[in-house]
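J.: Starting off with a structure, shown below.
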Amino acid sequence: MDGQEYLNQIAATNRPVAKQKNSMLSSKFVKIGIVSVVLLIIIIILGAVLSGGKGGEKNLTIDLYLHMSNTDEVINKYQPDVKSSDLRSISASLSTILSDGSNKLKGYLTEKYNIKDKELEKSAEKAESEREELETELFEAKINGILDRIFAHKIAYEMSILMSEENKVLKSTKNEALTEIVENNLSSLENLYDKFNDFSEVNN
């Protein structure tokens, strides 16, 4: 080995190993990325829990309350024009159930969420539109002399929607007071539903 070759070998042995800056940087960015993804997942889960918990319960209960009270108002408006005494009787029973249920729901919303009438009015636009549509159909049935049949059919349909809404509320809440209100009302609606759904003018 000549002198130059020996010097080159020594220089190679003592030369510091270059740090892999790119590797370190990429590793740092990967860690930051993983932490960010985990935080994002946690935020999404928390948001889902909150929206599906009290927030969902509140909105579903408001919708149910508005639908109940609106249906009750329509029943009271058109019941006097119904010819069948049986249909008037079961309509009176239904009105009592809906009135009692809506009053209890409003009391619950007031106590639990401190909801005022103005806040309920803001949520009432869709419910008002659906009530107006129902009233229009019943008015046309009245002037065409077929109110009893259409009234029974439409109210049975509204009852089926109400029962569906009540089941959604029950799935959204763990509150015992709300559960009791909704379960009792649901049971009462189920007991009356067939009487409206199976109504026939032939037998009245």
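How things are named: the first chain in the structure tokens is A, the next is B, and so on; residues count from 1 in each chain; ligands count from 1 in the order shown.
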Leaving out range 157-174 of chain A and any residue of its chain fewer than 3 positions from it, which residues lie within 7 Å of it when counting only C-alpha atoms, given as a list in words?
T.: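 What passes the distance filter is Gly52, Gly53, Gly56, Glu57, Leu60, Thr61, Leu64, His153, Lys154, Thr179, Val182, Leu186, Leu189 and Tyr193 of chain A.
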J.: Check the smallest atom-to-atom distance from each of A:Ile32, A:Ile150, A:Leu87, A:Val82 to Leu134 in chain A using only C-alpha atoms, then report the winner.
T.: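 Under the stated criterion, the closest residue is A:Ile150.
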J.: Pick out the residues sitting within 8 Å of Asp63 in chain A, and hand them over as a PyMOL selection string; count only C-alpha atoms, and ignore anything fewer than 4 positions along from it in its own chain.
T.: chain A and resi 59+67+123+127
J.: Go ahead and write the residues just picked, N, CA, C and O atoms, as a PDB file, in the first residue's frame.
T.:
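So result_28.pdb came out as:
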```pdb
ATOM      1  N   ASN A  59     -84.254  17.997  19.001  1.00  0.00           N
ATOM      2  CA  ASN A  59     -84.868  18.290  17.705  1.00  0.00           C
ATOM      3  C   ASN A  59     -85.995  17.324  17.371  1.00  0.00           C
ATOM      4  O   ASN A  59     -87.050  17.730  16.861  1.00  0.00           O
ATOM      5  N   HIS A  67     -95.896  18.224  15.453  1.00  0.00           N
ATOM      6  CA  HIS A  67     -96.771  17.355  14.656  1.00  0.00           C
ATOM      7  C   HIS A  67     -98.004  16.950  15.451  1.00  0.00           C
ATOM      8  O   HIS A  67     -99.129  16.938  14.931  1.00  0.00           O
ATOM      9  N   SER A 123     -89.046  26.532  14.425  1.00  0.00           N
ATOM     10  CA  SER A 123     -88.998  25.147  13.949  1.00  0.00           C
ATOM     11  C   SER A 123     -90.310  24.714  13.304  1.00  0.00           C
ATOM     12  O   SER A 123     -90.430  23.577  12.843  1.00  0.00           O
ATOM     13  N   ALA A 127     -93.702  21.953   9.723  1.00  0.00           N
ATOM     14  CA  ALA A 127     -94.922  21.405  10.314  1.00  0.00           C
ATOM     15  C   ALA A 127     -96.153  22.170   9.845  1.00  0.00           C
ATOM     16  O   ALA A 127     -97.206  21.579   9.576  1.00  0.00           O
TER      17      ALA A 127
END
```
J.: Just how far from CA of Arg131 in chain A is CA of Ile75 in chain A, in Å to one decimal?
T.: 10.8 Å
J.: Mind checking which residues fall within 12 Å of Asp81 in chain A, counting only C-alpha atoms, ignoring those fewer than 5 positions away in the same chain, and posting them as a ChimeraX atom specification?
T.: /A:74-76,87-88,91,138-139,141-143,145-148,151
J.: To one decimal in Å, tell me the separation between CA of Ala124 in chain A and CA of Asn70 in chain A.
T.: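 A separation of 9.7 Å between them.
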J.: Measuring atom to atom with only C-alpha atoms, identify which of A:Lys58, A:Arg149, A:Ala92, A:Lys116 is nearest to Asp198 in chain A.
T.: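 Among the listed residues, A:Arg149 lies closest to Asp198 in chain A.
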